[in-house]
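Next comes model.cif, with mmCIF, C-alpha atoms and all ligand atoms; chains and numbers go by the auth columns.
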data_final
#
loop_
_atom_site.group_PDB
_atom_site.id
_atom_site.type_symbol
_atom_site.label_atom_id
_atom_site.label_comp_id
_atom_site.label_asym_id
_atom_site.label_seq_id
_atom_site.Cartn_x
_atom_site.Cartn_y
_atom_site.Cartn_z
_atom_site.B_iso_or_equiv
_atom_site.auth_seq_id
_atom_site.auth_asym_id
ATOM 1 C CA MET A 1 -134.171 23.206 -82.400 0.00 1 K
ATOM 2 C CA THR A 2 -134.901 20.141 -80.374 0.00 2 K
ATOM 3 C CA ASN A 3 -135.420 20.739 -76.720 0.00 3 K
ATOM 4 C CA LEU A 4 -134.275 17.471 -75.206 0.00 4 K
ATOM 5 C CA LEU A 5 -135.289 16.645 -71.670 0.00 5 K
ATOM 6 C CA PRO A 6 -132.874 14.632 -69.551 0.00 6 K
ATOM 7 C CA VAL A 7 -133.307 10.911 -70.226 0.00 7 K
ATOM 8 C CA ASP A 8 -134.935 10.504 -66.826 0.00 8 K
ATOM 9 C CA SER A 9 -136.069 13.641 -65.121 0.00 9 K
ATOM 10 C CA SER A 10 -137.648 11.920 -62.111 0.00 10 K
ATOM 11 C CA ARG A 11 -137.060 13.668 -58.832 0.00 11 K
ATOM 12 C CA VAL A 12 -138.820 11.244 -56.556 0.00 12 K
ATOM 13 C CA THR A 13 -138.489 7.510 -55.941 0.00 13 K
ATOM 14 C CA VAL A 14 -141.323 5.859 -54.028 0.00 14 K
ATOM 15 C CA VAL A 15 -139.918 2.950 -52.043 0.00 15 K
ATOM 16 C CA LEU A 16 -142.497 0.265 -51.267 0.00 16 K
ATOM 17 C CA PRO A 17 -141.333 -2.382 -48.771 0.00 17 K
ATOM 18 C CA CYS A 18 -143.354 -5.462 -49.611 0.00 18 K
ATOM 19 C CA LEU A 19 -143.850 -8.855 -48.081 0.00 19 K
ATOM 20 C CA ASN A 20 -146.526 -10.792 -49.958 0.00 20 K
ATOM 21 C CA GLU A 21 -148.444 -7.823 -51.325 0.00 21 K
ATOM 22 C CA ALA A 22 -149.277 -9.202 -54.792 0.00 22 K
ATOM 23 C CA GLU A 23 -152.988 -8.588 -54.251 0.00 23 K
ATOM 24 C CA SER A 24 -152.748 -4.971 -53.104 0.00 24 K
ATOM 25 C CA LEU A 25 -149.781 -3.769 -55.116 0.00 25 K
ATOM 26 C CA PRO A 26 -151.453 -3.186 -58.527 0.00 26 K
ATOM 27 C CA GLY A 27 -153.909 -0.685 -57.029 0.00 27 K
ATOM 28 C CA VAL A 28 -151.102 1.120 -55.221 0.00 28 K
ATOM 29 C CA LEU A 29 -148.786 1.282 -58.235 0.00 29 K
ATOM 30 C CA GLU A 30 -151.564 2.589 -60.471 0.00 30 K
ATOM 31 C CA LEU A 31 -151.918 5.625 -58.207 0.00 31 K
ATOM 32 C CA ILE A 32 -148.234 6.586 -58.029 0.00 32 K
ATOM 33 C CA PRO A 33 -148.071 10.205 -59.275 0.00 33 K
ATOM 34 C CA ASP A 34 -146.861 10.798 -62.832 0.00 34 K
ATOM 35 C CA GLY A 35 -143.122 11.315 -63.012 0.00 35 K
ATOM 36 C CA TYR A 36 -142.405 9.466 -59.768 0.00 36 K
ATOM 37 C CA ARG A 37 -140.466 6.186 -59.906 0.00 37 K
ATOM 38 C CA ALA A 38 -141.767 3.164 -58.022 0.00 38 K
ATOM 39 C CA LEU A 39 -139.237 0.867 -56.363 0.00 39 K
ATOM 40 C CA VAL A 40 -140.603 -2.272 -54.751 0.00 40 K
ATOM 41 C CA VAL A 41 -138.323 -3.954 -52.231 0.00 41 K
ATOM 42 C CA ASP A 42 -139.312 -7.560 -52.114 0.00 42 K
ATOM 43 C CA ASN A 43 -138.521 -9.426 -48.936 0.00 43 K
ATOM 44 C CA ASN A 44 -138.708 -13.104 -49.862 0.00 44 K
ATOM 45 C CA SER A 45 -142.348 -12.920 -50.897 0.00 45 K
ATOM 46 C CA THR A 46 -143.886 -16.214 -51.944 0.00 46 K
ATOM 47 C CA ASP A 47 -146.957 -14.849 -53.727 0.00 47 K
ATOM 48 C CA GLY A 48 -145.363 -13.407 -56.867 0.00 48 K
ATOM 49 C CA THR A 49 -145.074 -9.849 -55.516 0.00 49 K
ATOM 50 C CA ALA A 50 -141.924 -9.161 -57.590 0.00 50 K
ATOM 51 C CA ASP A 51 -143.538 -10.242 -60.886 0.00 51 K
ATOM 52 C CA VAL A 52 -146.655 -8.210 -60.185 0.00 52 K
ATOM 53 C CA ALA A 53 -144.508 -5.178 -59.348 0.00 53 K
ATOM 54 C CA ARG A 54 -142.606 -5.423 -62.643 0.00 54 K
ATOM 55 C CA ARG A 55 -145.808 -5.922 -64.606 0.00 55 K
ATOM 56 C CA TYR A 56 -147.150 -2.681 -63.148 0.00 56 K
ATOM 57 C CA GLY A 57 -144.034 -0.727 -64.057 0.00 57 K
ATOM 58 C CA ALA A 58 -142.030 -0.779 -60.819 0.00 58 K
ATOM 59 C CA GLU A 59 -138.346 -1.464 -60.469 0.00 59 K
ATOM 60 C CA VAL A 60 -137.734 -4.372 -58.089 0.00 60 K
ATOM 61 C CA VAL A 61 -134.938 -4.809 -55.585 0.00 61 K
ATOM 62 C CA ALA A 62 -134.642 -8.091 -53.673 0.00 62 K
ATOM 63 C CA GLU A 63 -133.690 -7.924 -49.997 0.00 63 K
ATOM 64 C CA SER A 64 -133.062 -11.308 -48.408 0.00 64 K
ATOM 65 C CA ARG A 65 -132.712 -10.083 -44.833 0.00 65 K
ATOM 66 C CA ALA A 66 -136.135 -10.157 -43.215 0.00 66 K
ATOM 67 C CA GLY A 67 -137.695 -7.072 -41.677 0.00 67 K
ATOM 68 C CA TYR A 68 -139.440 -3.839 -42.602 0.00 68 K
ATOM 69 C CA GLY A 69 -136.328 -1.751 -41.865 0.00 69 K
ATOM 70 C CA ALA A 70 -134.095 -4.024 -43.939 0.00 70 K
ATOM 71 C CA ALA A 71 -136.401 -3.534 -46.908 0.00 71 K
ATOM 72 C CA VAL A 72 -136.667 0.229 -46.466 0.00 72 K
ATOM 73 C CA HIS A 73 -132.901 0.596 -46.091 0.00 73 K
ATOM 74 C CA ALA A 74 -132.281 -1.414 -49.278 0.00 74 K
ATOM 75 C CA GLY A 75 -134.693 0.910 -51.081 0.00 75 K
ATOM 76 C CA MET A 76 -132.970 4.046 -49.791 0.00 76 K
ATOM 77 C CA VAL A 77 -129.591 2.768 -50.940 0.00 77 K
ATOM 78 C CA ALA A 78 -130.891 1.705 -54.357 0.00 78 K
ATOM 79 C CA ALA A 79 -132.764 4.959 -55.054 0.00 79 K
ATOM 80 C CA SER A 80 -130.940 7.352 -57.360 0.00 80 K
ATOM 81 C CA THR A 81 -133.280 10.360 -57.304 0.00 81 K
ATOM 82 C CA PRO A 82 -132.698 13.389 -55.037 0.00 82 K
ATOM 83 C CA ILE A 83 -135.902 12.693 -53.104 0.00 83 K
ATOM 84 C CA VAL A 84 -137.235 9.455 -51.649 0.00 84 K
ATOM 85 C CA ALA A 85 -140.686 8.600 -50.340 0.00 85 K
ATOM 86 C CA VAL A 86 -141.682 5.486 -48.402 0.00 86 K
ATOM 87 C CA LEU A 87 -145.148 4.001 -48.621 0.00 87 K
ATOM 88 C CA ASP A 88 -146.782 0.716 -47.604 0.00 88 K
ATOM 89 C CA GLY A 89 -147.669 -1.669 -50.395 0.00 89 K
ATOM 90 C CA ASP A 90 -150.867 -2.872 -48.741 0.00 90 K
ATOM 91 C CA GLY A 91 -153.232 -0.267 -50.163 0.00 91 K
ATOM 92 C CA SER A 92 -153.913 1.366 -46.789 0.00 92 K
ATOM 93 C CA LEU A 93 -152.279 4.662 -47.805 0.00 93 K
ATOM 94 C CA ASP A 94 -152.919 6.725 -50.942 0.00 94 K
ATOM 95 C CA PRO A 95 -149.876 7.548 -53.109 0.00 95 K
ATOM 96 C CA ARG A 96 -151.730 10.600 -54.446 0.00 96 K
ATOM 97 C CA GLU A 97 -151.024 12.257 -51.097 0.00 97 K
ATOM 98 C CA LEU A 98 -147.255 12.135 -51.645 0.00 98 K
ATOM 99 C CA PRO A 99 -146.905 15.382 -53.649 0.00 99 K
ATOM 100 C CA LYS A 100 -148.071 17.506 -50.723 0.00 100 K
ATOM 101 C CA LEU A 101 -145.288 15.980 -48.617 0.00 101 K
ATOM 102 C CA VAL A 102 -142.764 16.507 -51.419 0.00 102 K
ATOM 103 C CA GLU A 103 -143.814 20.175 -51.611 0.00 103 K
ATOM 104 C CA GLU A 104 -142.879 20.554 -47.943 0.00 104 K
ATOM 105 C CA LEU A 105 -139.268 19.813 -48.874 0.00 105 K
ATOM 106 C CA ASP A 106 -139.367 22.715 -51.288 0.00 106 K
ATOM 107 C CA ARG A 107 -140.444 24.885 -48.365 0.00 107 K
ATOM 108 C CA GLY A 108 -137.414 24.027 -46.252 0.00 108 K
ATOM 109 C CA VAL A 109 -138.704 20.960 -44.415 0.00 109 K
ATOM 110 C CA ASP A 110 -136.211 18.075 -44.123 0.00 110 K
ATOM 111 C CA LEU A 111 -138.604 15.236 -43.297 0.00 111 K
ATOM 112 C CA ALA A 112 -142.301 15.312 -44.188 0.00 112 K
ATOM 113 C CA VAL A 113 -144.427 12.579 -42.621 0.00 113 K
ATOM 114 C CA GLY A 114 -148.043 11.454 -42.713 0.00 114 K
ATOM 115 C CA ARG A 115 -150.437 11.187 -39.792 0.00 115 K
ATOM 116 C CA ARG A 116 -153.022 8.474 -40.421 0.00 116 K
ATOM 117 C CA ARG A 117 -156.630 9.573 -40.188 0.00 117 K
ATOM 118 C CA CYS A 118 -159.177 6.806 -40.612 0.00 118 K
ATOM 119 C CA SER A 119 -161.353 6.997 -43.701 0.00 119 K
ATOM 120 C CA PRO A 120 -165.085 6.640 -42.945 0.00 120 K
ATOM 121 C CA GLY A 121 -165.993 3.125 -41.845 0.00 121 K
ATOM 122 C CA VAL A 122 -162.408 2.048 -41.223 0.00 122 K
ATOM 123 C CA ARG A 123 -161.724 0.151 -38.032 0.00 123 K
ATOM 124 C CA TRP A 124 -158.243 0.739 -36.589 0.00 124 K
ATOM 125 C CA PRO A 125 -157.625 -2.027 -34.033 0.00 125 K
ATOM 126 C CA TRP A 126 -157.496 -0.653 -30.482 0.00 126 K
ATOM 127 C CA HIS A 127 -154.120 -2.270 -29.762 0.00 127 K
ATOM 128 C CA ALA A 128 -152.513 -0.667 -32.811 0.00 128 K
ATOM 129 C CA ARG A 129 -154.018 2.724 -31.965 0.00 129 K
ATOM 130 C CA LEU A 130 -152.945 2.497 -28.328 0.00 130 K
ATOM 131 C CA GLY A 131 -149.417 1.427 -29.249 0.00 131 K
ATOM 132 C CA THR A 132 -149.101 4.355 -31.640 0.00 132 K
ATOM 133 C CA GLN A 133 -150.385 6.820 -29.029 0.00 133 K
ATOM 134 C CA VAL A 134 -147.984 5.635 -26.336 0.00 134 K
ATOM 135 C CA VAL A 135 -144.999 5.707 -28.662 0.00 135 K
ATOM 136 C CA CYS A 136 -145.850 9.175 -29.999 0.00 136 K
ATOM 137 C CA TRP A 137 -146.374 10.550 -26.516 0.00 137 K
ATOM 138 C CA ARG A 138 -142.845 9.378 -25.725 0.00 138 K
ATOM 139 C CA LEU A 139 -141.474 10.925 -28.914 0.00 139 K
ATOM 140 C CA ARG A 140 -143.007 14.279 -28.007 0.00 140 K
ATOM 141 C CA GLN A 141 -142.150 14.162 -24.327 0.00 141 K
ATOM 142 C CA ARG A 142 -138.609 12.794 -24.429 0.00 142 K
ATOM 143 C CA HIS A 143 -137.371 13.742 -27.856 0.00 143 K
ATOM 144 C CA ARG A 144 -139.447 16.903 -28.473 0.00 144 K
ATOM 145 C CA ILE A 145 -140.582 15.605 -31.851 0.00 145 K
ATOM 146 C CA PRO A 146 -143.973 17.140 -32.696 0.00 146 K
ATOM 147 C CA VAL A 147 -145.618 14.043 -34.217 0.00 147 K
ATOM 148 C CA HIS A 148 -148.810 12.069 -33.558 0.00 148 K
ATOM 149 C CA ASP A 149 -148.027 9.030 -35.690 0.00 149 K
ATOM 150 C CA ILE A 150 -145.014 6.853 -36.423 0.00 150 K
ATOM 151 C CA ALA A 151 -144.275 8.280 -39.864 0.00 151 K
ATOM 152 C CA PRO A 152 -146.103 5.586 -41.853 0.00 152 K
ATOM 153 C CA MET A 153 -145.642 7.652 -45.035 0.00 153 K
ATOM 154 C CA ARG A 154 -142.554 9.840 -45.312 0.00 154 K
ATOM 155 C CA VAL A 155 -140.522 11.946 -47.697 0.00 155 K
ATOM 156 C CA ALA A 156 -136.943 13.228 -47.400 0.00 156 K
ATOM 157 C CA ARG A 157 -133.808 13.906 -49.401 0.00 157 K
ATOM 158 C CA ARG A 158 -132.140 10.657 -50.334 0.00 158 K
ATOM 159 C CA ASP A 159 -128.515 11.446 -49.440 0.00 159 K
ATOM 160 C CA ALA A 160 -129.479 13.052 -46.156 0.00 160 K
ATOM 161 C CA ILE A 161 -131.574 10.101 -45.067 0.00 161 K
ATOM 162 C CA VAL A 162 -128.845 7.591 -45.953 0.00 162 K
ATOM 163 C CA GLY A 163 -126.371 9.807 -44.093 0.00 163 K
ATOM 164 C CA LEU A 164 -128.392 9.604 -40.878 0.00 164 K
ATOM 165 C CA GLY A 165 -127.248 5.990 -40.484 0.00 165 K
ATOM 166 C CA VAL A 166 -130.474 4.457 -39.197 0.00 166 K
ATOM 167 C CA ALA A 167 -129.453 1.000 -37.932 0.00 167 K
ATOM 168 C CA ASP A 168 -132.757 -0.689 -37.026 0.00 168 K
ATOM 169 C CA ARG A 169 -133.784 -3.295 -39.589 0.00 169 K
ATOM 170 C CA ARG A 170 -137.163 -4.228 -38.137 0.00 170 K
ATOM 171 C CA SER A 171 -140.272 -2.283 -37.207 0.00 171 K
ATOM 172 C CA GLY A 172 -138.275 0.282 -35.220 0.00 172 K
ATOM 173 C CA TYR A 173 -136.823 1.845 -38.388 0.00 173 K
ATOM 174 C CA PRO A 174 -139.257 4.786 -38.708 0.00 174 K
ATOM 175 C CA LEU A 175 -138.910 5.630 -35.010 0.00 175 K
ATOM 176 C CA GLU A 176 -135.124 5.605 -35.133 0.00 176 K
ATOM 177 C CA LEU A 177 -135.335 7.793 -38.204 0.00 177 K
ATOM 178 C CA LEU A 178 -137.474 10.340 -36.351 0.00 178 K
ATOM 179 C CA VAL A 179 -135.152 10.340 -33.336 0.00 179 K
ATOM 180 C CA ARG A 180 -131.992 10.700 -35.434 0.00 180 K
ATOM 181 C CA ALA A 181 -133.554 13.355 -37.645 0.00 181 K
ATOM 182 C CA ALA A 182 -134.579 15.422 -34.628 0.00 182 K
ATOM 183 C CA ALA A 183 -131.140 15.005 -33.017 0.00 183 K
ATOM 184 C CA ALA A 184 -129.572 16.250 -36.247 0.00 184 K
ATOM 185 C CA GLY A 185 -131.758 19.373 -36.101 0.00 185 K
ATOM 186 C CA TRP A 186 -133.970 18.417 -39.028 0.00 186 K
ATOM 187 C CA LYS A 187 -137.185 20.321 -39.556 0.00 187 K
ATOM 188 C CA ILE A 188 -140.032 17.789 -39.402 0.00 188 K
ATOM 189 C CA ALA A 189 -143.564 18.432 -40.683 0.00 189 K
ATOM 190 C CA GLU A 190 -146.573 16.171 -40.200 0.00 190 K
ATOM 191 C CA HIS A 191 -149.660 16.166 -42.438 0.00 191 K
ATOM 192 C CA ASP A 192 -152.916 14.249 -42.142 0.00 192 K
ATOM 193 C CA VAL A 193 -153.227 11.408 -44.653 0.00 193 K
ATOM 194 C CA ALA A 194 -156.168 9.090 -45.243 0.00 194 K
ATOM 195 C CA TYR A 195 -155.875 5.580 -43.781 0.00 195 K
ATOM 196 C CA GLY A 196 -157.906 2.670 -45.039 0.00 196 K
ATOM 197 C CA THR A 197 -158.004 -1.079 -44.568 0.00 197 K
ATOM 198 C CA ARG A 198 -155.476 -3.033 -46.589 0.00 198 K
ATOM 199 C CA THR A 199 -156.901 -3.880 -50.026 0.00 199 K
ATOM 200 C CA GLY A 200 -155.722 -7.503 -50.070 0.00 200 K
ATOM 201 C CA GLY A 201 -153.282 -9.926 -48.520 0.00 201 K
ATOM 202 C CA LYS A 202 -152.678 -10.534 -44.841 0.00 202 K
ATOM 203 C CA SER A 203 -151.708 -8.184 -42.038 0.00 203 K
ATOM 204 C CA LYS A 204 -148.251 -8.822 -40.612 0.00 204 K
ATOM 205 C CA VAL A 205 -148.277 -6.356 -37.779 0.00 205 K
ATOM 206 C CA SER A 206 -151.322 -4.538 -36.493 0.00 206 K
ATOM 207 C CA GLY A 207 -153.857 -7.196 -37.430 0.00 207 K
ATOM 208 C CA SER A 208 -153.263 -9.044 -34.143 0.00 208 K
ATOM 209 C CA VAL A 209 -152.672 -8.091 -30.521 0.00 209 K
ATOM 210 C CA ARG A 210 -149.473 -10.149 -30.678 0.00 210 K
ATOM 211 C CA GLY A 211 -148.221 -8.324 -33.766 0.00 211 K
ATOM 212 C CA SER A 212 -148.929 -4.918 -32.224 0.00 212 K
ATOM 213 C CA PHE A 213 -147.267 -5.952 -28.969 0.00 213 K
ATOM 214 C CA PHE A 214 -144.016 -6.979 -30.647 0.00 214 K
ATOM 215 C CA ALA A 215 -144.061 -3.889 -32.845 0.00 215 K
ATOM 216 C CA VAL A 216 -144.356 -1.659 -29.775 0.00 216 K
ATOM 217 C CA LEU A 217 -141.462 -3.554 -28.170 0.00 217 K
ATOM 218 C CA ASP A 218 -139.367 -2.823 -31.274 0.00 218 K
ATOM 219 C CA PHE A 219 -140.458 0.809 -31.102 0.00 219 K
ATOM 220 C CA TRP A 220 -139.731 1.153 -27.414 0.00 220 K
ATOM 221 C CA ARG A 221 -136.190 -0.208 -27.734 0.00 221 K
ATOM 222 C CA VAL A 222 -135.495 2.611 -30.139 0.00 222 K
ATOM 223 C CA ILE A 223 -137.039 5.536 -28.280 0.00 223 K
ATOM 224 C CA SER A 224 -136.677 4.765 -24.563 0.00 224 K
HETATM 225 N N1 LIG B . -140.048 -6.069 -47.404 0.00 1 P
HETATM 226 C C1 LIG B . -140.721 -6.211 -46.261 0.00 1 P
HETATM 227 N N2 LIG B . -141.839 -5.558 -46.144 0.00 1 P
HETATM 228 C C2 LIG B . -142.516 -5.716 -45.005 0.00 1 P
HETATM 229 C C3 LIG B . -142.105 -6.537 -43.932 0.00 1 P
HETATM 230 N N3 LIG B . -143.036 -6.457 -42.975 0.00 1 P
HETATM 231 C C4 LIG B . -143.965 -5.622 -43.439 0.00 1 P
HETATM 232 N N4 LIG B . -143.661 -5.190 -44.664 0.00 1 P
HETATM 233 C C5 LIG B . -144.374 -4.283 -45.535 0.00 1 P
HETATM 234 O O1 LIG B . -144.510 -3.067 -44.858 0.00 1 P
HETATM 235 C C6 LIG B . -145.757 -2.502 -45.141 0.00 1 P
HETATM 236 C C7 LIG B . -146.523 -2.336 -43.843 0.00 1 P
HETATM 237 O O2 LIG B . -146.720 -3.597 -43.213 0.00 1 P
HETATM 238 P P1 LIG B . -148.157 -4.253 -42.914 0.00 1 P
HETATM 239 O O3 LIG B . -148.073 -5.710 -43.024 0.00 1 P
HETATM 240 O O4 LIG B . -149.174 -3.558 -43.724 0.00 1 P
HETATM 241 O O5 LIG B . -148.308 -3.998 -41.433 0.00 1 P
HETATM 242 P P2 LIG B . -149.564 -3.409 -40.812 0.00 1 P
HETATM 243 O O6 LIG B . -149.762 -2.083 -41.483 0.00 1 P
HETATM 244 O O7 LIG B . -149.411 -3.450 -39.379 0.00 1 P
HETATM 245 O O8 LIG B . -150.673 -4.445 -41.190 0.00 1 P
HETATM 246 P P3 LIG B . -152.167 -4.083 -41.559 0.00 1 P
HETATM 247 O O9 LIG B . -152.832 -3.907 -40.275 0.00 1 P
HETATM 248 O O10 LIG B . -152.704 -5.208 -42.330 0.00 1 P
HETATM 249 O O11 LIG B . -152.101 -2.848 -42.402 0.00 1 P
HETATM 250 C C8 LIG B . -146.443 -3.427 -46.135 0.00 1 P
HETATM 251 O O12 LIG B . -146.201 -2.982 -47.440 0.00 1 P
HETATM 252 C C9 LIG B . -145.760 -4.753 -45.881 0.00 1 P
HETATM 253 O O13 LIG B . -145.769 -5.612 -46.985 0.00 1 P
HETATM 254 C C10 LIG B . -140.889 -7.232 -44.100 0.00 1 P
HETATM 255 O O14 LIG B . -140.439 -7.983 -43.248 0.00 1 P
HETATM 256 N N5 LIG B . -140.241 -7.026 -45.277 0.00 1 P
HETATM 257 MG MG MG B . -150.565 -1.894 -43.245 0.00 2 P
#
Could you write out this structure as structure tokens?
Amino acid sequence: MTNLLPVDSSRVTVVLPCLNEAESLPGVLELIPDGYRALVVDNNSTDGTADVARRYGAEVVAESRAGYGAAVHAGMVAASTPIVAVLDGDGSLDPRELPKLVEELDRGVDLAVGRRRCSPGVRWPWHARLGTQVVCWRLRQRHRIPVHDIAPMRVARRDAIVGLGVADRRSGYPLELLVRAAAAGWKIAEHDVAYGTRTGGKSKVSGSVRGSFFAVLDFWRVIS
């Protein structure tokens, strides 16, 4: 008797918001865990990101509206698996750390997030570190959310996350997600994850004092 598996038994879609990440993306996609689907959301990249993504086996969704949150939202809507993960496409985070976050969902957690810990020799710009600390202090103090980072890597159930109705379409998206999740009574778990320097391409946010400053402004609007 043939024991047929469902045509696609994937449980997890990894959404990768990408703006000009053609250099870093191959290394990231090669490390996506077996059985997970990769979904690259391309935001008007001009360096061939979408072609590279397809060549390395990812599905590609185009989002014309600029912004990190716009890309992530498009990925959430397009995903058709019960679980979604979000990961940067710049090579700074390791996809092999996703399964431990996914396992948290099986233990009753609603939103599992990463806390970046610098790999040896990695320099995390002071302005990015400071911005993150201030924002997380506010999240703990005002919203009682027990986190120490801004959920750079995260895993949740797809329908639940879409149902939260996160409206921010820029850098504030992950913060609004945390605030809405906590308000909805979600159980949130944070795990250390390794953080490295991007493996190619250019920094859009934390690589400059200006970028960090505007990111923190976006964050603050969401959590104040
Ligand atoms: N689709 C899309 N992706 C974006 C946008 N801005 C940033 N990203 C992606 O979001 C992820 C994180 O952004 P980064 O540019 O790495 O920002 P950063 O982490 O502050 O910069 P680094 O310091 O270089 O790591 C990367 O995969 C980016 O390509 C955007 O406007 N649209
Ligand atoms: Mg980055």
Using only C-alpha atoms and all ligand atoms, I'd like a table of the residues in chain K that come within 7 Å of ligand LIG 1 (chain P); for each, show the closest atom pair and its distance in Å rounded to one decimal, ordered by chain and ascending number, as a tab-separated table.
residue	atom	partner	partner_atom	distance
K:Leu16	CA	P:LIG1	O12	6.2
K:Pro17	CA	P:LIG1	N1	4.1
K:Cys18	CA	P:LIG1	O13	3.6
K:Leu19	CA	P:LIG1	O13	3.9
K:Asn20	CA	P:LIG1	O13	6.0
K:Glu21	CA	P:LIG1	O13	5.6
K:Val41	CA	P:LIG1	N1	5.5
K:Asp42	CA	P:LIG1	N1	5.0
K:Asn43	CA	P:LIG1	N1	4.0
K:Ala66	CA	P:LIG1	O14	4.8
K:Gly67	CA	P:LIG1	O14	3.3
K:Tyr68	CA	P:LIG1	C10	4.0
K:Ala70	CA	P:LIG1	N5	7.0
K:Ala71	CA	P:LIG1	N1	4.5
K:Asp88	CA	P:LIG1	O12	3.7
K:Gly89	CA	P:LIG1	O12	3.6
K:Asp90	CA	P:LIG1	O12	4.8
K:Ser92	CA	P:LIG1	O11	6.3
K:Thr197	CA	P:LIG1	O11	6.5
K:Arg198	CA	P:LIG1	O11	5.4
K:Lys202	CA	P:LIG1	O10	5.9
K:Ser203	CA	P:LIG1	O10	3.2
K:Lys204	CA	P:LIG1	O3	3.9
K:Val205	CA	P:LIG1	O7	3.5
K:Ser206	CA	P:LIG1	O7	3.6
K:Gly207	CA	P:LIG1	O9	4.5
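Comparing K:His191, K:Arg107, K:Asp94, K:Gln141 by their smallest distance to ligand MG 2 (chain P), the closest is K:Asp94 (using all atoms listed in the file).
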(Q) Show me, as a ChimeraX atom specification, the residues that have an atom within 10 Å of Gly27 in chain K when counting only C-alpha atoms, minus same-chain residues fewer than 3 positions from it. (A) /K:22-24,30-32,56,89-91,94-95,199-200
Print the selection's residues with C-alpha atoms to a file, as a compact mmCIF listing (two decimals), in the frame of the given file.
# COMPACT_ATOMS: atom_id res chain seq x y z
CA ALA K 22 -149.28 -9.20 -54.79
CA GLU K 23 -152.99 -8.59 -54.25
CA SER K 24 -152.75 -4.97 -53.10
CA GLU K 30 -151.56 2.59 -60.47
CA LEU K 31 -151.92 5.62 -58.21
CA ILE K 32 -148.23 6.59 -58.03
CA TYR K 56 -147.15 -2.68 -63.15
CA GLY K 89 -147.67 -1.67 -50.40
CA ASP K 90 -150.87 -2.87 -48.74
CA GLY K 91 -153.23 -0.27 -50.16
CA ASP K 94 -152.92 6.72 -50.94
CA PRO K 95 -149.88 7.55 -53.11
CA THR K 199 -156.90 -3.88 -50.03
CA GLY K 200 -155.72 -7.50 -50.07
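What separates CA of Lys100 in chain K from CA of Val122 in chain K is a distance of 23.1 Å.
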Q | Spatial neighbours of Val109 in chain K, max dist 9 Å, all atoms listed in the file, sep filter under 5 positions, as a ChimeraX atom specification | A | /K:103-104,156,186-189
Q) Out of K:Phe219, K:Phe214, K:Trp137, K:Trp124, which residue has the shortest atom-to-atom distance to ligand MG 2 (chain P) when counting only C-alpha atoms and all ligand atoms? A)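 Answer, going by the shortest atom-to-atom distance: K:Trp124.
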Q) Closest to ligand MG 2 (chain P) among K:Val134, K:Gly211, K:Gly185, K:Leu164, using all atoms listed in the file? A)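 Result for the nearest residue to ligand MG 2 (chain P): K:Gly211.
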Q | Coordinates-based distance that separates CA of Gly57 in chain K from CA of Tyr173 in chain K (Å, one decimal) | A |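 That distance, rounded to one decimal, is 26.8 Å.
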Q: May I ask for the distance between CA of Val72 in chain K and CA of Tyr36 in chain K, given in Å to one decimal place?
A: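 Result for CA of Val72 in chain K versus CA of Tyr36 in chain K: 17.2 Å, one decimal.
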Q | Explicit residue set for the PyMOL selection byres (((chain K and resi 131) around 12) and not hetatm), as a ChimeraX atom specification | A | /K:124-130,132-138,148-150,205-206,209-220
Written selection (C-alpha atoms) as a CSV table (one decimal), keeping the file's coordinate frame:
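As written to disk, again-v9.csv reads:
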chain,number,residue,atom,x,y,z
K,124,TRP,CA,-158.2,0.7,-36.6
K,125,PRO,CA,-157.6,-2.0,-34.0
K,126,TRP,CA,-157.5,-0.7,-30.5
K,127,HIS,CA,-154.1,-2.3,-29.8
K,128,ALA,CA,-152.5,-0.7,-32.8
K,129,ARG,CA,-154.0,2.7,-32.0
K,130,LEU,CA,-152.9,2.5,-28.3
K,132,THR,CA,-149.1,4.4,-31.6
K,133,GLN,CA,-150.4,6.8,-29.0
K,134,VAL,CA,-148.0,5.6,-26.3
K,135,VAL,CA,-145.0,5.7,-28.7
K,136,CYS,CA,-145.8,9.2,-30.0
K,137,TRP,CA,-146.4,10.6,-26.5
K,138,ARG,CA,-142.8,9.4,-25.7
K,148,HIS,CA,-148.8,12.1,-33.6
K,149,ASP,CA,-148.0,9.0,-35.7
K,150,ILE,CA,-145.0,6.9,-36.4
K,205,VAL,CA,-148.3,-6.4,-37.8
K,206,SER,CA,-151.3,-4.5,-36.5
K,209,VAL,CA,-152.7,-8.1,-30.5
K,210,ARG,CA,-149.5,-10.1,-30.7
K,211,GLY,CA,-148.2,-8.3,-33.8
K,212,SER,CA,-148.9,-4.9,-32.2
K,213,PHE,CA,-147.3,-6.0,-29.0
K,214,PHE,CA,-144.0,-7.0,-30.6
K,215,ALA,CA,-144.1,-3.9,-32.8
K,216,VAL,CA,-144.4,-1.7,-29.8
K,217,LEU,CA,-141.5,-3.6,-28.2
K,218,ASP,CA,-139.4,-2.8,-31.3
K,219,PHE,CA,-140.5,0.8,-31.1
K,220,TRP,CA,-139.7,1.2,-27.4
Q. So which one's closest to Glu63 in chain K, K:Leu111, K:Val40, K:Val14, K:Ala194? Using only C-alpha atoms, please.
A.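 Of K:Leu111, K:Val40, K:Val14, K:Ala194, the one nearest Glu63 in chain K, counting only C-alpha atoms, is K:Val40.
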